[in-house]
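J.: Okay, so here is upload_29.pdb, and as you'll see once you scroll down, it has PDB, C-alpha atoms and all ligand atoms.
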```
MODEL        1
ATOM      1  CA  MET A 116      46.788  64.856  49.844  1.00  0.00           C
ATOM      2  CA  GLN A 117      49.340  62.996  51.958  1.00  0.00           C
ATOM      3  CA  ARG A 118      48.785  59.886  49.814  1.00  0.00           C
ATOM      4  CA  LEU A 119      49.576  61.840  46.657  1.00  0.00           C
ATOM      5  CA  ILE A 120      52.761  63.271  48.143  1.00  0.00           C
ATOM      6  CA  GLU A 121      53.864  59.825  49.305  1.00  0.00           C
ATOM      7  CA  GLY A 122      53.115  58.547  45.806  1.00  0.00           C
ATOM      8  CA  VAL A 123      55.268  61.254  44.235  1.00  0.00           C
ATOM      9  CA  HIS A 124      58.081  60.372  46.635  1.00  0.00           C
ATOM     10  CA  LYS A 125      57.742  56.669  45.801  1.00  0.00           C
ATOM     11  CA  PHE A 126      57.767  57.431  42.070  1.00  0.00           C
ATOM     12  CA  ARG A 127      60.922  59.559  42.352  1.00  0.00           C
ATOM     13  CA  SER A 128      62.784  57.017  44.479  1.00  0.00           C
ATOM     14  CA  ASP A 129      61.548  53.668  43.077  1.00  0.00           C
ATOM     15  CA  GLN A 130      60.311  54.195  39.506  1.00  0.00           C
ATOM     16  CA  PHE A 131      61.839  57.270  37.939  1.00  0.00           C
ATOM     17  CA  GLY A 132      65.149  55.534  37.226  1.00  0.00           C
ATOM     18  CA  ASN A 133      63.347  53.260  34.747  1.00  0.00           C
ATOM     19  CA  TYR A 134      61.821  56.255  32.955  1.00  0.00           C
ATOM     20  CA  ARG A 135      64.673  58.795  33.129  1.00  0.00           C
ATOM     21  CA  LYS A 136      65.854  58.260  29.536  1.00  0.00           C
ATOM     22  CA  LEU A 137      62.341  58.100  28.128  1.00  0.00           C
ATOM     23  CA  PHE A 138      61.255  61.384  29.733  1.00  0.00           C
ATOM     24  CA  ARG A 139      64.436  63.106  28.523  1.00  0.00           C
ATOM     25  CA  LYS A 140      63.859  61.821  24.980  1.00  0.00           C
ATOM     26  CA  LEU A 141      60.190  62.885  25.044  1.00  0.00           C
ATOM     27  CA  SER A 142      61.222  66.304  26.313  1.00  0.00           C
ATOM     28  CA  GLN A 143      63.782  66.754  23.533  1.00  0.00           C
ATOM     29  CA  GLU A 144      61.859  65.215  20.645  1.00  0.00           C
ATOM     30  CA  GLY A 145      58.304  66.085  21.708  1.00  0.00           C
ATOM     31  CA  GLN A 146      55.401  63.711  22.016  1.00  0.00           C
ATOM     32  CA  ASN A 147      54.288  61.416  19.237  1.00  0.00           C
ATOM     33  CA  PRO A 148      51.364  59.444  20.666  1.00  0.00           C
ATOM     34  CA  HIS A 149      49.889  56.774  18.405  1.00  0.00           C
ATOM     35  CA  THR A 150      46.371  56.888  19.882  1.00  0.00           C
ATOM     36  CA  LEU A 151      43.763  59.335  21.122  1.00  0.00           C
ATOM     37  CA  PHE A 152      42.117  57.479  24.002  1.00  0.00           C
ATOM     38  CA  ILE A 153      38.760  58.902  25.137  1.00  0.00           C
ATOM     39  CA  THR A 154      37.405  57.405  28.312  1.00  0.00           C
ATOM     40  CA  CYS A 155      35.475  58.228  31.481  1.00  0.00           C
ATOM     41  CA  SER A 156      36.802  60.279  34.382  1.00  0.00           C
ATOM     42  CA  ASP A 157      35.872  57.316  36.590  1.00  0.00           C
ATOM     43  CA  SER A 158      38.746  56.578  38.989  1.00  0.00           C
ATOM     44  CA  ARG A 159      38.611  52.862  38.153  1.00  0.00           C
ATOM     45  CA  VAL A 160      39.335  53.258  34.444  1.00  0.00           C
ATOM     46  CA  LEU A 161      43.064  53.804  33.901  1.00  0.00           C
ATOM     47  CA  ALA A 162      43.905  53.923  30.200  1.00  0.00           C
ATOM     48  CA  GLU A 163      47.646  53.461  30.646  1.00  0.00           C
ATOM     49  CA  LEU A 164      47.282  50.609  33.123  1.00  0.00           C
ATOM     50  CA  ILE A 165      44.825  48.501  31.133  1.00  0.00           C
ATOM     51  CA  THR A 166      46.742  48.945  27.870  1.00  0.00           C
ATOM     52  CA  GLN A 167      50.190  48.851  29.523  1.00  0.00           C
ATOM     53  CA  SER A 168      51.154  52.079  27.764  1.00  0.00           C
ATOM     54  CA  LYS A 169      54.186  54.205  28.512  1.00  0.00           C
ATOM     55  CA  PRO A 170      54.583  58.014  28.702  1.00  0.00           C
ATOM     56  CA  GLY A 171      54.277  59.362  25.161  1.00  0.00           C
ATOM     57  CA  ASP A 172      52.032  56.541  23.903  1.00  0.00           C
ATOM     58  CA  LEU A 173      48.492  57.826  24.516  1.00  0.00           C
ATOM     59  CA  PHE A 174      46.816  61.227  24.236  1.00  0.00           C
ATOM     60  CA  VAL A 175      44.088  60.769  26.832  1.00  0.00           C
ATOM     61  CA  VAL A 176      40.791  62.599  27.221  1.00  0.00           C
ATOM     62  CA  LYS A 177      38.857  61.757  30.348  1.00  0.00           C
ATOM     63  CA  ASN A 178      35.427  63.281  30.721  1.00  0.00           C
ATOM     64  CA  VAL A 179      32.251  62.430  32.604  1.00  0.00           C
ATOM     65  CA  GLY A 180      30.738  59.465  30.772  1.00  0.00           C
ATOM     66  CA  ASN A 181      33.294  59.389  27.914  1.00  0.00           C
ATOM     67  CA  ILE A 182      30.844  61.404  25.835  1.00  0.00           C
ATOM     68  CA  VAL A 183      31.965  62.533  22.376  1.00  0.00           C
ATOM     69  CA  PRO A 184      29.747  65.454  21.333  1.00  0.00           C
ATOM     70  CA  PRO A 185      28.878  66.020  17.660  1.00  0.00           C
ATOM     71  CA  ALA A 186      31.195  68.575  16.025  1.00  0.00           C
ATOM     72  CA  GLY A 187      28.454  71.221  15.910  1.00  0.00           C
ATOM     73  CA  VAL A 188      27.924  71.296  19.672  1.00  0.00           C
ATOM     74  CA  ARG A 189      29.574  74.276  21.387  1.00  0.00           C
ATOM     75  CA  GLY A 190      29.838  75.585  24.928  1.00  0.00           C
ATOM     76  CA  ASP A 191      30.811  73.240  27.721  1.00  0.00           C
ATOM     77  CA  THR A 192      31.703  70.503  25.278  1.00  0.00           C
ATOM     78  CA  ASN A 193      34.525  72.430  23.619  1.00  0.00           C
ATOM     79  CA  SER A 194      37.373  70.811  25.488  1.00  0.00           C
ATOM     80  CA  THR A 195      36.677  67.308  24.173  1.00  0.00           C
ATOM     81  CA  ALA A 196      36.219  68.653  20.652  1.00  0.00           C
ATOM     82  CA  ALA A 197      39.443  70.652  20.987  1.00  0.00           C
ATOM     83  CA  ALA A 198      41.332  67.567  22.134  1.00  0.00           C
ATOM     84  CA  ILE A 199      40.004  65.580  19.167  1.00  0.00           C
ATOM     85  CA  GLU A 200      41.144  68.279  16.740  1.00  0.00           C
ATOM     86  CA  PHE A 201      44.560  68.639  18.375  1.00  0.00           C
ATOM     87  CA  ALA A 202      45.205  64.881  18.458  1.00  0.00           C
ATOM     88  CA  VAL A 203      44.048  64.311  14.875  1.00  0.00           C
ATOM     89  CA  GLU A 204      45.422  67.450  13.203  1.00  0.00           C
ATOM     90  CA  ASN A 205      48.534  68.348  15.190  1.00  0.00           C
ATOM     91  CA  LEU A 206      49.673  65.063  16.687  1.00  0.00           C
ATOM     92  CA  GLY A 207      48.573  62.920  13.777  1.00  0.00           C
ATOM     93  CA  VAL A 208      47.418  59.961  15.859  1.00  0.00           C
ATOM     94  CA  SER A 209      46.686  56.846  13.829  1.00  0.00           C
ATOM     95  CA  ASP A 210      43.926  55.542  16.091  1.00  0.00           C
ATOM     96  CA  ILE A 211      41.077  56.871  18.225  1.00  0.00           C
ATOM     97  CA  VAL A 212      39.621  54.689  20.942  1.00  0.00           C
ATOM     98  CA  ILE A 213      36.416  55.566  22.779  1.00  0.00           C
ATOM     99  CA  CYS A 214      36.276  53.385  25.856  1.00  0.00           C
ATOM    100  CA  GLY A 215      33.101  53.137  27.918  1.00  0.00           C
ATOM    101  CA  HIS A 216      32.809  51.082  31.076  1.00  0.00           C
ATOM    102  CA  SER A 217      30.465  49.176  33.358  1.00  0.00           C
ATOM    103  CA  GLN A 218      28.874  50.759  36.457  1.00  0.00           C
ATOM    104  CA  CYS A 219      29.253  54.255  34.953  1.00  0.00           C
ATOM    105  CA  GLY A 220      27.820  56.990  37.184  1.00  0.00           C
ATOM    106  CA  ALA A 221      27.241  59.273  34.203  1.00  0.00           C
ATOM    107  CA  ILE A 222      25.162  56.635  32.441  1.00  0.00           C
ATOM    108  CA  SER A 223      23.213  56.016  35.621  1.00  0.00           C
ATOM    109  CA  ALA A 224      22.505  59.763  35.826  1.00  0.00           C
ATOM    110  CA  LEU A 225      21.587  59.872  32.136  1.00  0.00           C
ATOM    111  CA  LEU A 226      18.997  57.169  32.792  1.00  0.00           C
ATOM    112  CA  GLY A 227      17.641  59.078  35.779  1.00  0.00           C
ATOM    113  CA  GLN A 228      18.828  56.382  38.194  1.00  0.00           C
ATOM    114  CA  THR A 229      21.186  58.851  39.901  1.00  0.00           C
ATOM    115  CA  ARG A 230      19.856  62.288  40.804  1.00  0.00           C
ATOM    116  CA  ILE A 231      21.634  65.414  39.618  1.00  0.00           C
ATOM    117  CA  GLY A 232      21.270  68.299  42.081  1.00  0.00           C
ATOM    118  CA  ASP A 233      20.194  71.823  41.177  1.00  0.00           C
ATOM    119  CA  SER A 234      23.716  73.046  41.904  1.00  0.00           C
ATOM    120  CA  SER A 235      25.155  70.941  39.045  1.00  0.00           C
ATOM    121  CA  PRO A 236      23.865  72.758  35.937  1.00  0.00           C
ATOM    122  CA  HIS A 237      27.030  72.017  33.936  1.00  0.00           C
ATOM    123  CA  LEU A 238      26.724  68.319  34.599  1.00  0.00           C
ATOM    124  CA  ARG A 239      23.074  68.349  33.555  1.00  0.00           C
ATOM    125  CA  ASP A 240      23.870  70.183  30.312  1.00  0.00           C
ATOM    126  CA  TRP A 241      26.800  67.880  29.606  1.00  0.00           C
ATOM    127  CA  LEU A 242      24.708  64.724  29.980  1.00  0.00           C
ATOM    128  CA  LYS A 243      22.048  66.238  27.703  1.00  0.00           C
ATOM    129  CA  VAL A 244      24.578  65.895  24.879  1.00  0.00           C
ATOM    130  CA  ALA A 245      24.147  62.110  25.207  1.00  0.00           C
ATOM    131  CA  SER A 246      20.341  62.215  25.299  1.00  0.00           C
ATOM    132  CA  PRO A 247      20.055  60.574  21.833  1.00  0.00           C
ATOM    133  CA  VAL A 248      21.260  57.423  23.612  1.00  0.00           C
ATOM    134  CA  LEU A 249      17.958  57.436  25.522  1.00  0.00           C
ATOM    135  CA  GLU A 250      16.070  57.489  22.215  1.00  0.00           C
ATOM    136  CA  THR A 251      18.066  54.480  21.004  1.00  0.00           C
ATOM    137  CA  LEU A 252      17.297  52.710  24.254  1.00  0.00           C
ATOM    138  CA  LYS A 253      13.574  53.378  23.809  1.00  0.00           C
ATOM    139  CA  LYS A 254      13.580  52.169  20.207  1.00  0.00           C
ATOM    140  CA  GLU A 255      15.856  49.154  20.380  1.00  0.00           C
ATOM    141  CA  TYR A 256      15.895  47.980  23.980  1.00  0.00           C
ATOM    142  CA  ALA A 257      12.281  48.409  25.073  1.00  0.00           C
ATOM    143  CA  HIS A 258      12.278  44.721  26.073  1.00  0.00           C
ATOM    144  CA  LEU A 259      14.917  45.342  28.762  1.00  0.00           C
ATOM    145  CA  THR A 260      13.327  45.946  32.156  1.00  0.00           C
ATOM    146  CA  ASP A 261      16.204  45.058  34.468  1.00  0.00           C
ATOM    147  CA  PRO A 262      17.906  48.367  35.493  1.00  0.00           C
ATOM    148  CA  GLU A 263      21.372  46.822  35.313  1.00  0.00           C
ATOM    149  CA  ALA A 264      20.794  45.477  31.799  1.00  0.00           C
ATOM    150  CA  ARG A 265      19.428  48.851  30.679  1.00  0.00           C
ATOM    151  CA  GLU A 266      22.465  50.613  32.129  1.00  0.00           C
ATOM    152  CA  HIS A 267      24.820  48.220  30.348  1.00  0.00           C
ATOM    153  CA  ALA A 268      22.999  48.696  27.023  1.00  0.00           C
ATOM    154  CA  ALA A 269      23.048  52.481  27.456  1.00  0.00           C
ATOM    155  CA  ALA A 270      26.780  52.480  28.242  1.00  0.00           C
ATOM    156  CA  GLU A 271      27.519  50.453  25.095  1.00  0.00           C
ATOM    157  CA  GLU A 272      25.202  52.610  22.960  1.00  0.00           C
ATOM    158  CA  ASN A 273      26.872  55.741  24.339  1.00  0.00           C
ATOM    159  CA  VAL A 274      30.216  54.525  22.991  1.00  0.00           C
ATOM    160  CA  LEU A 275      28.652  53.893  19.570  1.00  0.00           C
ATOM    161  CA  PHE A 276      26.981  57.318  19.718  1.00  0.00           C
ATOM    162  CA  GLY A 277      30.437  58.818  20.282  1.00  0.00           C
ATOM    163  CA  LEU A 278      31.847  56.804  17.396  1.00  0.00           C
ATOM    164  CA  ASP A 279      29.131  58.183  15.088  1.00  0.00           C
ATOM    165  CA  ASN A 280      29.834  61.701  16.311  1.00  0.00           C
ATOM    166  CA  LEU A 281      33.544  61.384  15.549  1.00  0.00           C
ATOM    167  CA  HIS A 282      32.538  61.193  11.888  1.00  0.00           C
ATOM    168  CA  SER A 283      31.067  64.706  12.132  1.00  0.00           C
ATOM    169  CA  TYR A 284      34.510  66.311  12.684  1.00  0.00           C
ATOM    170  CA  PRO A 285      36.052  67.593   9.423  1.00  0.00           C
ATOM    171  CA  CYS A 286      39.571  66.690  10.646  1.00  0.00           C
ATOM    172  CA  VAL A 287      38.434  63.109  11.276  1.00  0.00           C
ATOM    173  CA  GLN A 288      36.635  62.957   7.915  1.00  0.00           C
ATOM    174  CA  ASN A 289      39.806  64.061   6.107  1.00  0.00           C
ATOM    175  CA  ARG A 290      42.032  61.501   7.792  1.00  0.00           C
ATOM    176  CA  LEU A 291      39.467  58.717   7.270  1.00  0.00           C
ATOM    177  CA  ALA A 292      39.311  59.628   3.573  1.00  0.00           C
ATOM    178  CA  ASP A 293      43.127  59.389   3.435  1.00  0.00           C
ATOM    179  CA  GLY A 294      42.983  55.988   5.108  1.00  0.00           C
ATOM    180  CA  THR A 295      45.357  57.175   7.860  1.00  0.00           C
ATOM    181  CA  LEU A 296      43.009  56.991  10.832  1.00  0.00           C
ATOM    182  CA  ARG A 297      41.172  54.117  12.477  1.00  0.00           C
ATOM    183  CA  LEU A 298      38.293  54.422  14.965  1.00  0.00           C
ATOM    184  CA  HIS A 299      37.560  51.920  17.722  1.00  0.00           C
ATOM    185  CA  ALA A 300      34.733  51.451  20.228  1.00  0.00           C
ATOM    186  CA  TRP A 301      35.818  49.673  23.407  1.00  0.00           C
ATOM    187  CA  PHE A 302      34.138  48.697  26.641  1.00  0.00           C
ATOM    188  CA  PHE A 303      35.839  48.023  29.969  1.00  0.00           C
ATOM    189  CA  LYS A 304      34.255  45.667  32.482  1.00  0.00           C
ATOM    190  CA  ILE A 305      35.437  46.800  35.892  1.00  0.00           C
ATOM    191  CA  ALA A 306      34.856  43.607  37.907  1.00  0.00           C
ATOM    192  CA  THR A 307      37.155  41.508  35.718  1.00  0.00           C
ATOM    193  CA  ALA A 308      39.199  44.318  34.089  1.00  0.00           C
ATOM    194  CA  GLU A 309      38.327  42.802  30.674  1.00  0.00           C
ATOM    195  CA  LEU A 310      38.234  44.879  27.508  1.00  0.00           C
ATOM    196  CA  TYR A 311      35.719  44.362  24.711  1.00  0.00           C
ATOM    197  CA  ALA A 312      35.816  45.860  21.225  1.00  0.00           C
ATOM    198  CA  PHE A 313      32.863  46.559  18.957  1.00  0.00           C
ATOM    199  CA  ASP A 314      32.842  44.246  15.970  1.00  0.00           C
ATOM    200  CA  PRO A 315      30.994  45.934  13.074  1.00  0.00           C
ATOM    201  CA  GLN A 316      30.327  42.578  11.390  1.00  0.00           C
ATOM    202  CA  SER A 317      28.471  40.944  14.268  1.00  0.00           C
ATOM    203  CA  GLN A 318      27.352  44.353  15.640  1.00  0.00           C
ATOM    204  CA  GLN A 319      28.459  43.234  19.087  1.00  0.00           C
ATOM    205  CA  PHE A 320      31.146  43.953  21.621  1.00  0.00           C
ATOM    206  CA  ILE A 321      33.486  40.974  21.700  1.00  0.00           C
ATOM    207  CA  PRO A 322      36.547  40.255  23.908  1.00  0.00           C
ATOM    208  CA  LEU A 323      39.558  42.219  22.686  1.00  0.00           C
ATOM    209  CA  VAL A 324      41.998  39.482  23.579  1.00  0.00           C
ATOM    210  CA  ARG A 325      41.488  35.773  23.808  1.00  0.00           C
ATOM    211  CA  GLU A 326      42.518  34.372  27.177  1.00  0.00           C
ATOM    212  CA  ASP A 327      43.212  30.630  27.142  1.00  0.00           C
TER     213      ASP A 327
HETATM  214 ZN    ZN B 401      31.914  56.501  33.822  1.00  0.00          ZN
ENDMDL
END
```
As structure tokens - that is how I would like this structure written.
Ligand SMILES: [Zn+2]
T.:
Amino acid sequence: MQRLIEGVHKFRSDQFGNYRKLFRKLSQEGQNPHTLFITCSDSRVLAELITQSKPGDLFVVKNVGNIVPPAGVRGDTNSTAAAIEFAVENLGVSDIVICGHSQCGAISALLGQTRIGDSSPHLRDWLKVASPVLETLKKEYAHLTDPEAREHAAAEENVLFGLDNLHSYPCVQNRLADGTLRLHAWFFKIATAELYAFDPQSQQFIPLVRED
């Protein structure tokens, strides 16, 4: 806790001056984020840092494994669905990014490589939402035997699963039909902090920016 308090102190004394006007403006005019950014709760994936976004830019959903449930799923998954509806209907974001990442604990658990204890029934139910990813892995990646390669493939497929599921939300369907919403599947590689984006033409994740 002490680290958090020191951080707050540092922010107020060193950084806040740079943001004073922006926060006042956002308070008076309300937020108008351009993007709904759905990513993992993992402490190493910081949406604002890796996209250099400012307060007011991103509406961020962080959940375990950046899972986007189909619209019909209820119960524990409601908060992600609610955030999607709020961002698309009320805030009118122009873009939705689902950003998966390497070394994801949720994906490892989904694959049975990390054990989920009996006292974590919510976590077990939540990961079940992404179980179709296991079917895809069985069908399309049976040749992969290396655990790390399987985990990577599952993490990428989980992002594409989420992208498919976004299409099941009526609010998303309406905005796509209007041509006012774009959907993106991204992948963050922790070791190098590189971002990849899914390219529908080549059906592959390719580097988001070219670094010369
Ligand atoms: Zn994760």
J.: May I ask for the distance between atom CA of Lys253 of chain A and atom CA of Glu271 of chain A, given in Å to one decimal place?
T.: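 A separation of 14.3 Å between them.
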J.: Can you work out which residues are within 10 Å of ligand ZN 401 (chain B), considering all atoms listed in the file, and then hand them over as a PDB file with C-alpha atoms, keeping the file's coordinate frame?
T.:
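Below you can see selection_36.pdb, which holds the result:
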```pdb
ATOM      1  CA  THR A 154      37.405  57.405  28.312  1.00  0.00           C
ATOM      2  CA  CYS A 155      35.475  58.228  31.481  1.00  0.00           C
ATOM      3  CA  SER A 156      36.802  60.279  34.382  1.00  0.00           C
ATOM      4  CA  ASP A 157      35.872  57.316  36.590  1.00  0.00           C
ATOM      5  CA  SER A 158      38.746  56.578  38.989  1.00  0.00           C
ATOM      6  CA  ARG A 159      38.611  52.862  38.153  1.00  0.00           C
ATOM      7  CA  VAL A 160      39.335  53.258  34.444  1.00  0.00           C
ATOM      8  CA  LYS A 177      38.857  61.757  30.348  1.00  0.00           C
ATOM      9  CA  ASN A 178      35.427  63.281  30.721  1.00  0.00           C
ATOM     10  CA  VAL A 179      32.251  62.430  32.604  1.00  0.00           C
ATOM     11  CA  GLY A 180      30.738  59.465  30.772  1.00  0.00           C
ATOM     12  CA  ASN A 181      33.294  59.389  27.914  1.00  0.00           C
ATOM     13  CA  ILE A 182      30.844  61.404  25.835  1.00  0.00           C
ATOM     14  CA  CYS A 214      36.276  53.385  25.856  1.00  0.00           C
ATOM     15  CA  GLY A 215      33.101  53.137  27.918  1.00  0.00           C
ATOM     16  CA  HIS A 216      32.809  51.082  31.076  1.00  0.00           C
ATOM     17  CA  SER A 217      30.465  49.176  33.358  1.00  0.00           C
ATOM     18  CA  GLN A 218      28.874  50.759  36.457  1.00  0.00           C
ATOM     19  CA  CYS A 219      29.253  54.255  34.953  1.00  0.00           C
ATOM     20  CA  GLY A 220      27.820  56.990  37.184  1.00  0.00           C
ATOM     21  CA  ALA A 221      27.241  59.273  34.203  1.00  0.00           C
ATOM     22  CA  ILE A 222      25.162  56.635  32.441  1.00  0.00           C
ATOM     23  CA  SER A 223      23.213  56.016  35.621  1.00  0.00           C
ATOM     24  CA  ALA A 270      26.780  52.480  28.242  1.00  0.00           C
TER      25      ALA A 270
END
```
J.: Run the PyMOL selection byres (((chain A and resi 169) around 12) and not hetatm) against the file shown and list the residues it catches, as a ChimeraX atom specification.
T.: /A:133-134,137-138,141,146-150,162-168,170-174
J.: For atom CA of Gln288 of chain A and atom CA of Asp240 of chain A, determine how far apart the two atoms are, in Å to one decimal place.
T.: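 It comes out at 26.8 Å.
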J.: Please check which residues have atoms at most 8 Å from (41.0, 52.2, 11.7) in the file's coordinates, counting only C-alpha atoms, and write them as a tab-separated table (two decimals) with C-alpha atoms, in the frame of the given file.
T.:
```tsv
chain	number	residue	atom	x	y	z
A	209	SER	CA	46.69	56.85	13.83
A	210	ASP	CA	43.93	55.54	16.09
A	294	GLY	CA	42.98	55.99	5.11
A	295	THR	CA	45.36	57.18	7.86
A	296	LEU	CA	43.01	56.99	10.83
A	297	ARG	CA	41.17	54.12	12.48
A	298	LEU	CA	38.29	54.42	14.96
A	299	HIS	CA	37.56	51.92	17.72
```
J.: With distances taken over all atoms listed in the file, which residue among A:Ala308, A:Ala197, A:Ile213, A:Ile321 lies nearest Asn273 of chain A?
T.: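 Between A:Ala308, A:Ala197, A:Ile213, A:Ile321, the residue approaching Asn273 of chain A most closely is A:Ile213.
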J.: If you measure from atom CA of Tyr311 of chain A to atom CA of Phe276 of chain A, what distance in Å do you get, rounded to one decimal?
T.: 16.4 Å
J.: Leaving out Ser283 of chain A and any residue of its chain fewer than 2 positions from it, which residues lie within 10 Å of it when counting all atoms listed in the file, given as a PDB file with C-alpha atoms, in the frame of the given file?
T.:
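And here is the file that came out, selection29.pdb:
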```pdb
ATOM      1  CA  PRO A 184      29.747  65.454  21.333  1.00  0.00           C
ATOM      2  CA  PRO A 185      28.878  66.020  17.660  1.00  0.00           C
ATOM      3  CA  ALA A 186      31.195  68.575  16.025  1.00  0.00           C
ATOM      4  CA  GLY A 187      28.454  71.221  15.910  1.00  0.00           C
ATOM      5  CA  LEU A 278      31.847  56.804  17.396  1.00  0.00           C
ATOM      6  CA  ASP A 279      29.131  58.183  15.088  1.00  0.00           C
ATOM      7  CA  ASN A 280      29.834  61.701  16.311  1.00  0.00           C
ATOM      8  CA  LEU A 281      33.544  61.384  15.549  1.00  0.00           C
ATOM      9  CA  PRO A 285      36.052  67.593   9.423  1.00  0.00           C
ATOM     10  CA  CYS A 286      39.571  66.690  10.646  1.00  0.00           C
ATOM     11  CA  VAL A 287      38.434  63.109  11.276  1.00  0.00           C
ATOM     12  CA  GLN A 288      36.635  62.957   7.915  1.00  0.00           C
TER      13      GLN A 288
END
```
J.: For the file shown, what are the residues hit by the PyMOL selection byres (((chain A and resi 248) around 9) and not hetatm), laid out as a ChimeraX atom specification?
T.: /A:225,245-247,249-253,269-270,272-273,276
